[in-house]
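Note: the block below is model_11.cif and it holds mmCIF, C-alpha atoms.
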data_protein
#
loop_
_atom_site.group_PDB
_atom_site.id
_atom_site.type_symbol
_atom_site.label_atom_id
_atom_site.label_comp_id
_atom_site.auth_asym_id
_atom_site.auth_seq_id
_atom_site.Cartn_x
_atom_site.Cartn_y
_atom_site.Cartn_z
ATOM 1 C CA MET Q 130 26.962 16.209 19.034
ATOM 2 C CA SER Q 131 28.428 12.828 19.784
ATOM 3 C CA VAL Q 132 28.550 9.892 17.417
ATOM 4 C CA LEU Q 133 26.130 7.909 19.589
ATOM 5 C CA ASN Q 134 23.497 10.662 19.448
ATOM 6 C CA LEU Q 135 23.880 10.890 15.678
ATOM 7 C CA ALA Q 136 23.544 7.125 15.321
ATOM 8 C CA ILE Q 137 20.425 7.116 17.519
ATOM 9 C CA ASP Q 138 18.894 9.925 15.453
ATOM 10 C CA ILE Q 139 19.557 8.128 12.166
ATOM 11 C CA GLY Q 140 18.346 4.826 13.609
ATOM 12 C CA SER Q 141 15.156 6.442 14.922
ATOM 13 C CA MET Q 142 14.392 7.898 11.516
ATOM 14 C CA ALA Q 143 15.003 4.530 9.847
ATOM 15 C CA VAL Q 144 12.747 2.728 12.336
ATOM 16 C CA ALA Q 145 10.057 5.391 11.919
ATOM 17 C CA LEU Q 146 10.197 4.886 8.152
ATOM 18 C CA SER Q 147 9.944 1.147 8.706
ATOM 19 C CA MET Q 148 6.842 1.678 10.847
ATOM 20 C CA VAL Q 149 5.224 3.804 8.151
ATOM 21 C CA LEU Q 150 5.897 1.140 5.522
ATOM 22 C CA CYS Q 151 4.543 -1.588 7.822
ATOM 23 C CA GLY Q 152 1.422 0.470 8.406
ATOM 24 C CA TRP Q 153 0.977 0.788 4.665
ATOM 25 C CA ARG Q 154 1.332 -3.002 4.248
ATOM 26 C CA LEU Q 155 -1.111 -3.515 7.106
ATOM 27 C CA LEU Q 156 -3.740 -1.408 5.356
ATOM 28 C CA ARG Q 157 -3.080 -2.517 1.779
ATOM 29 C CA GLY Q 158 -1.951 -6.117 2.293
ATOM 30 C CA PRO Q 159 -3.545 -8.359 -0.301
ATOM 31 C CA GLU Q 160 -3.812 -11.332 2.063
ATOM 32 C CA VAL Q 161 -4.242 -11.954 5.766
ATOM 33 C CA THR Q 162 -0.730 -13.394 6.078
ATOM 34 C CA ASP Q 163 0.743 -10.121 4.792
ATOM 35 C CA ARG Q 164 -1.186 -8.249 7.443
ATOM 36 C CA ILE Q 165 -0.017 -10.608 10.201
ATOM 37 C CA LEU Q 166 3.602 -10.161 9.165
ATOM 38 C CA ALA Q 167 3.082 -6.383 9.044
ATOM 39 C CA ILE Q 168 1.721 -6.396 12.612
ATOM 40 C CA ASP Q 169 4.642 -8.545 13.752
ATOM 41 C CA THR Q 170 7.187 -6.245 12.137
ATOM 42 C CA LEU Q 171 5.349 -3.195 13.442
ATOM 43 C CA TYR Q 172 5.604 -4.262 17.058
ATOM 44 C CA LEU Q 173 9.284 -5.178 16.607
ATOM 45 C CA SER Q 174 9.893 -1.711 15.180
ATOM 46 C CA ALA Q 175 8.044 -0.204 18.140
ATOM 47 C CA VAL Q 176 10.324 -2.117 20.508
ATOM 48 C CA ALA Q 177 13.397 -0.837 18.661
ATOM 49 C CA LEU Q 178 12.116 2.741 18.750
ATOM 50 C CA VAL Q 179 11.348 2.598 22.482
ATOM 51 C CA VAL Q 180 14.810 1.150 23.196
ATOM 52 C CA MET Q 181 16.468 3.906 21.175
ATOM 53 C CA LEU Q 182 14.445 6.548 23.000
ATOM 54 C CA GLY Q 183 15.482 4.962 26.294
ATOM 55 C CA MET Q 184 19.111 5.237 25.261
ATOM 56 C CA ARG Q 185 18.612 8.822 24.123
ATOM 57 C CA TRP Q 186 16.862 9.964 27.312
ATOM 58 C CA SER Q 187 18.924 7.711 29.632
ATOM 59 C CA THR Q 188 15.923 6.295 31.456
ATOM 60 C CA PRO Q 189 15.529 2.630 32.448
ATOM 61 C CA LEU Q 190 11.723 2.902 32.473
ATOM 62 C CA LEU Q 191 11.539 2.751 28.686
ATOM 63 C CA PHE Q 192 13.475 -0.522 28.618
ATOM 64 C CA GLU Q 193 10.784 -2.089 30.778
ATOM 65 C CA ALA Q 194 8.157 -0.674 28.424
ATOM 66 C CA ALA Q 195 9.983 -2.252 25.499
ATOM 67 C CA LEU Q 196 9.944 -5.602 27.278
ATOM 68 C CA ILE Q 197 6.194 -5.357 27.848
ATOM 69 C CA ILE Q 198 5.590 -4.415 24.206
ATOM 70 C CA ALA Q 199 7.693 -7.375 23.067
ATOM 71 C CA MET Q 200 5.840 -9.846 25.294
ATOM 72 C CA LEU Q 201 2.397 -8.595 24.280
ATOM 73 C CA GLY Q 202 3.369 -8.518 20.620
ATOM 74 C CA PHE Q 203 4.649 -12.079 20.689
ATOM 75 C CA ALA Q 204 1.558 -13.362 22.477
ATOM 76 C CA SER Q 205 -0.790 -11.565 20.102
ATOM 77 C CA THR Q 206 1.035 -12.846 17.027
ATOM 78 C CA VAL Q 207 0.896 -16.427 18.292
ATOM 79 C CA ALA Q 208 -2.792 -16.083 19.206
ATOM 80 C CA LEU Q 209 -3.671 -14.619 15.818
ATOM 81 C CA ALA Q 210 -1.742 -17.312 13.957
ATOM 82 C CA ARG Q 211 -3.462 -20.060 15.971
ATOM 83 C CA TYR Q 212 -6.840 -18.486 15.312
ATOM 84 C CA LEU Q 213 -6.225 -18.389 11.574
ATOM 85 C CA THR Q 214 -4.909 -21.945 11.371
ATOM 86 C CA ARG Q 215 -7.264 -23.725 13.796
ATOM 87 C CA GLY Q 216 -10.264 -21.440 14.134
ATOM 88 C CA ASP Q 217 -9.848 -20.980 17.906
ATOM 89 C CA VAL Q 218 -7.157 -19.761 20.246
ATOM 90 C CA VAL Q 219 -7.727 -21.904 23.323
ATOM 91 C CA GLU Q 220 -8.525 -25.583 23.055
#

Show me, as structure tokens, the structure contained in the file I just sent.
Amino acid sequence: MSVLNLAIDIGSMAVALSMVLCGWRLLRGPEVTDRILAIDTLYLSAVALVVMLGMRWSTPLLFEAALIIAMLGFASTVALARYLTRGDVVE
């Protein structure tokens, strides 16, 4: 087993643990802002996990999937923040 494979395995486990903790904060967050930050961190962790799986399986398709997840996650976070601050998303 190479060092890169070991590092990817350890990184995947750490990101999976991060996703579990973000899911817990999403469900038990005392305020809406905690839940928004949990969703934001959750999609960033999903991007990291998909990139690590792409490195592990040596496929470029997963890197494109990570890019799509990142774009959708950013847009949804901005839309949710605008909705909470202004009451509407599109003016």

**OP:** Apply the PyMOL selection byres ((chain Q and resi 171-177) around 10) to the displayed file and report the matching residues as a ChimeraX atom specification.
**Re:** /Q:140-141,143-152,155,165-170,178-183,191-192,194-203,206

Original post:
Distance CA of Pro189 (chain Q)-CA of Ala136 (chain Q), one decimal place?
Top reply: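 One can read the CA of Pro189 (chain Q) to CA of Ala136 (chain Q) distance as 19.4 Å.
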
Original post:
Which value, in Å to one decimal, gives the distance between CA of Asn134 (chain Q) and CA of Trp186 (chain Q)?
Top reply: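 Going from CA of Asn134 (chain Q) over to CA of Trp186 (chain Q) covers 10.3 Å.
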
Subject >> Within 9 Å of Arg185 (chain Q) using all atoms listed in the file, minus same-chain residues under 6 positions, as a list in words >> reply: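 Final neighbour list, sorted by chain and number: Leu133, Asn134, Ile137 and Asp138 of chain Q.
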
Since we have the selection now, will you write its residues out, keeping C-alpha atoms, as a PDB file, in the frame of the given file?
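Below is the file part.pdb, written as the result:
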ATOM      1  CA  LEU Q 133      26.130   7.909  19.589  1.00  0.00           C
ATOM      2  CA  ASN Q 134      23.497  10.662  19.448  1.00  0.00           C
ATOM      3  CA  ILE Q 137      20.425   7.116  17.519  1.00  0.00           C
ATOM      4  CA  ASP Q 138      18.894   9.925  15.453  1.00  0.00           C
TER       5      ASP Q 138
END

**OP:** Can you work out which one of Q:Met184, Q:Val132, Q:Val161, Q:Val207 has the shortest atom-to-atom distance to Val219 (chain Q), counting only C-alpha atoms?
**Re:** Q:Val207

Original post:
Hey, can you check how far CA of Tyr212 (chain Q) sits from CA of Trp153 (chain Q)?
Top reply: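 Those two atoms sit 23.4 Å apart.
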
Subject >> Shortest interatomic distance to Val218 (chain Q) - which of Q:Ala204, Q:Leu156, Q:Leu135, Q:Leu190, counting only C-alpha atoms >> reply: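 For Val218 (chain Q), the nearest of the candidates is Q:Ala204.
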
Taking all atoms of region 137-142 of chain Q that the file lists, what box with edges along x, y and z, padded by 6 Å per side, do you get, with centre and edge lengths in Å to one decimal, as AutoDock Vina command-line options?
--center_x 17.4 --center_y 7.4 --center_z 14.5 --size_x 18.0 --size_y 17.1 --size_z 18.0

What would region 186-219 of chain Q look like with N, CA and C atoms in place, written as an mmCIF file, keeping the file's coordinate frame?
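Wrote it out as selection.cif, contents follow:
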data_model
loop_
_atom_site.group_PDB
_atom_site.id
_atom_site.type_symbol
_atom_site.label_atom_id
_atom_site.label_comp_id
_atom_site.auth_asym_id
_atom_site.auth_seq_id
_atom_site.Cartn_x
_atom_site.Cartn_y
_atom_site.Cartn_z
ATOM 1 N N TRP Q 186 17.261 9.230 26.109
ATOM 2 C CA TRP Q 186 16.862 9.964 27.312
ATOM 3 C C TRP Q 186 17.482 9.411 28.584
ATOM 4 N N SER Q 187 18.236 8.342 28.493
ATOM 5 C CA SER Q 187 18.924 7.711 29.632
ATOM 6 C C SER Q 187 17.967 7.373 30.770
ATOM 7 N N THR Q 188 16.880 6.701 30.442
ATOM 8 C CA THR Q 188 15.923 6.295 31.456
ATOM 9 C C THR Q 188 15.676 4.789 31.362
ATOM 10 N N PRO Q 189 15.753 4.084 32.484
ATOM 11 C CA PRO Q 189 15.529 2.630 32.448
ATOM 12 C C PRO Q 189 14.054 2.249 32.323
ATOM 13 N N LEU Q 190 13.154 3.194 32.544
ATOM 14 C CA LEU Q 190 11.723 2.902 32.473
ATOM 15 C C LEU Q 190 11.306 2.492 31.060
ATOM 16 N N LEU Q 191 11.911 3.084 30.062
ATOM 17 C CA LEU Q 191 11.539 2.751 28.686
ATOM 18 C C LEU Q 191 12.008 1.358 28.286
ATOM 19 N N PHE Q 192 13.042 0.844 28.917
ATOM 20 C CA PHE Q 192 13.475 -0.522 28.618
ATOM 21 C C PHE Q 192 12.458 -1.531 29.138
ATOM 22 N N GLU Q 193 11.849 -1.224 30.270
ATOM 23 C CA GLU Q 193 10.784 -2.089 30.778
ATOM 24 C C GLU Q 193 9.558 -2.010 29.877
ATOM 25 N N ALA Q 194 9.269 -0.830 29.360
ATOM 26 C CA ALA Q 194 8.157 -0.674 28.424
ATOM 27 C C ALA Q 194 8.409 -1.466 27.147
ATOM 28 N N ALA Q 195 9.646 -1.480 26.694
ATOM 29 C CA ALA Q 195 9.983 -2.252 25.499
ATOM 30 C C ALA Q 195 9.805 -3.744 25.743
ATOM 31 N N LEU Q 196 10.140 -4.194 26.939
ATOM 32 C CA LEU Q 196 9.944 -5.602 27.278
ATOM 33 C C LEU Q 196 8.462 -5.971 27.294
ATOM 34 N N ILE Q 197 7.637 -5.106 27.828
ATOM 35 C CA ILE Q 197 6.194 -5.357 27.848
ATOM 36 C C ILE Q 197 5.622 -5.371 26.435
ATOM 37 N N ILE Q 198 6.052 -4.440 25.593
ATOM 38 C CA ILE Q 198 5.590 -4.415 24.206
ATOM 39 C C ILE Q 198 5.995 -5.698 23.489
ATOM 40 N N ALA Q 199 7.214 -6.157 23.722
ATOM 41 C CA ALA Q 199 7.693 -7.375 23.067
ATOM 42 C C ALA Q 199 6.893 -8.593 23.506
ATOM 43 N N MET Q 200 6.613 -8.695 24.808
ATOM 44 C CA MET Q 200 5.840 -9.846 25.294
ATOM 45 C C MET Q 200 4.417 -9.832 24.764
ATOM 46 N N LEU Q 201 3.766 -8.685 24.791
ATOM 47 C CA LEU Q 201 2.397 -8.595 24.280
ATOM 48 C C LEU Q 201 2.343 -8.822 22.770
ATOM 49 N N GLY Q 202 3.331 -8.318 22.058
ATOM 50 C CA GLY Q 202 3.369 -8.518 20.620
ATOM 51 C C GLY Q 202 3.563 -9.974 20.242
ATOM 52 N N PHE Q 203 4.436 -10.662 20.959
ATOM 53 C CA PHE Q 203 4.649 -12.079 20.689
ATOM 54 C C PHE Q 203 3.388 -12.883 20.973
ATOM 55 N N ALA Q 204 2.771 -12.624 22.113
ATOM 56 C CA ALA Q 204 1.558 -13.362 22.477
ATOM 57 C C ALA Q 204 0.426 -13.098 21.489
ATOM 58 N N SER Q 205 0.286 -11.867 21.047
ATOM 59 C CA SER Q 205 -0.790 -11.565 20.102
ATOM 60 C C SER Q 205 -0.527 -12.175 18.734
ATOM 61 N N THR Q 206 0.722 -12.222 18.310
ATOM 62 C CA THR Q 206 1.035 -12.846 17.027
ATOM 63 C C THR Q 206 0.767 -14.343 17.061
ATOM 64 N N VAL Q 207 1.156 -14.989 18.150
ATOM 65 C CA VAL Q 207 0.896 -16.427 18.292
ATOM 66 C C VAL Q 207 -0.600 -16.701 18.348
ATOM 67 N N ALA Q 208 -1.343 -15.891 19.098
ATOM 68 C CA ALA Q 208 -2.792 -16.083 19.206
ATOM 69 C C ALA Q 208 -3.475 -15.874 17.860
ATOM 70 N N LEU Q 209 -3.066 -14.870 17.124
ATOM 71 C CA LEU Q 209 -3.671 -14.619 15.818
ATOM 72 C C LEU Q 209 -3.339 -15.724 14.827
ATOM 73 N N ALA Q 210 -2.115 -16.219 14.853
ATOM 74 C CA ALA Q 210 -1.742 -17.312 13.957
ATOM 75 C C ALA Q 210 -2.511 -18.588 14.293
ATOM 76 N N ARG Q 211 -2.678 -18.877 15.581
ATOM 77 C CA ARG Q 211 -3.462 -20.060 15.971
ATOM 78 C C ARG Q 211 -4.917 -19.902 15.579
ATOM 79 N N TYR Q 212 -5.446 -18.706 15.702
ATOM 80 C CA TYR Q 212 -6.840 -18.486 15.312
ATOM 81 C C TYR Q 212 -7.032 -18.699 13.813
ATOM 82 N N LEU Q 213 -6.084 -18.236 13.028
ATOM 83 C CA LEU Q 213 -6.225 -18.389 11.574
ATOM 84 C C LEU Q 213 -6.004 -19.823 11.119
ATOM 85 N N THR Q 214 -5.161 -20.572 11.802
ATOM 86 C CA THR Q 214 -4.909 -21.945 11.371
ATOM 87 C C THR Q 214 -5.916 -22.940 11.912
ATOM 88 N N ARG Q 215 -6.381 -22.753 13.162
ATOM 89 C CA ARG Q 215 -7.264 -23.725 13.796
ATOM 90 C C ARG Q 215 -8.699 -23.256 13.974
ATOM 91 N N GLY Q 216 -8.918 -21.953 13.936
ATOM 92 C CA GLY Q 216 -10.264 -21.440 14.134
ATOM 93 C C GLY Q 216 -10.566 -21.050 15.563
ATOM 94 N N ASP Q 217 -9.693 -21.401 16.522
ATOM 95 C CA ASP Q 217 -9.848 -20.980 17.906
ATOM 96 C C ASP Q 217 -8.478 -20.795 18.527
ATOM 97 N N VAL Q 218 -8.448 -20.052 19.607
ATOM 98 C CA VAL Q 218 -7.157 -19.761 20.246
ATOM 99 C C VAL Q 218 -6.887 -20.745 21.366
ATOM 100 N N VAL Q 219 -7.893 -21.003 22.181
ATOM 101 C CA VAL Q 219 -7.727 -21.904 23.323
ATOM 102 C C VAL Q 219 -8.510 -23.177 23.057
#
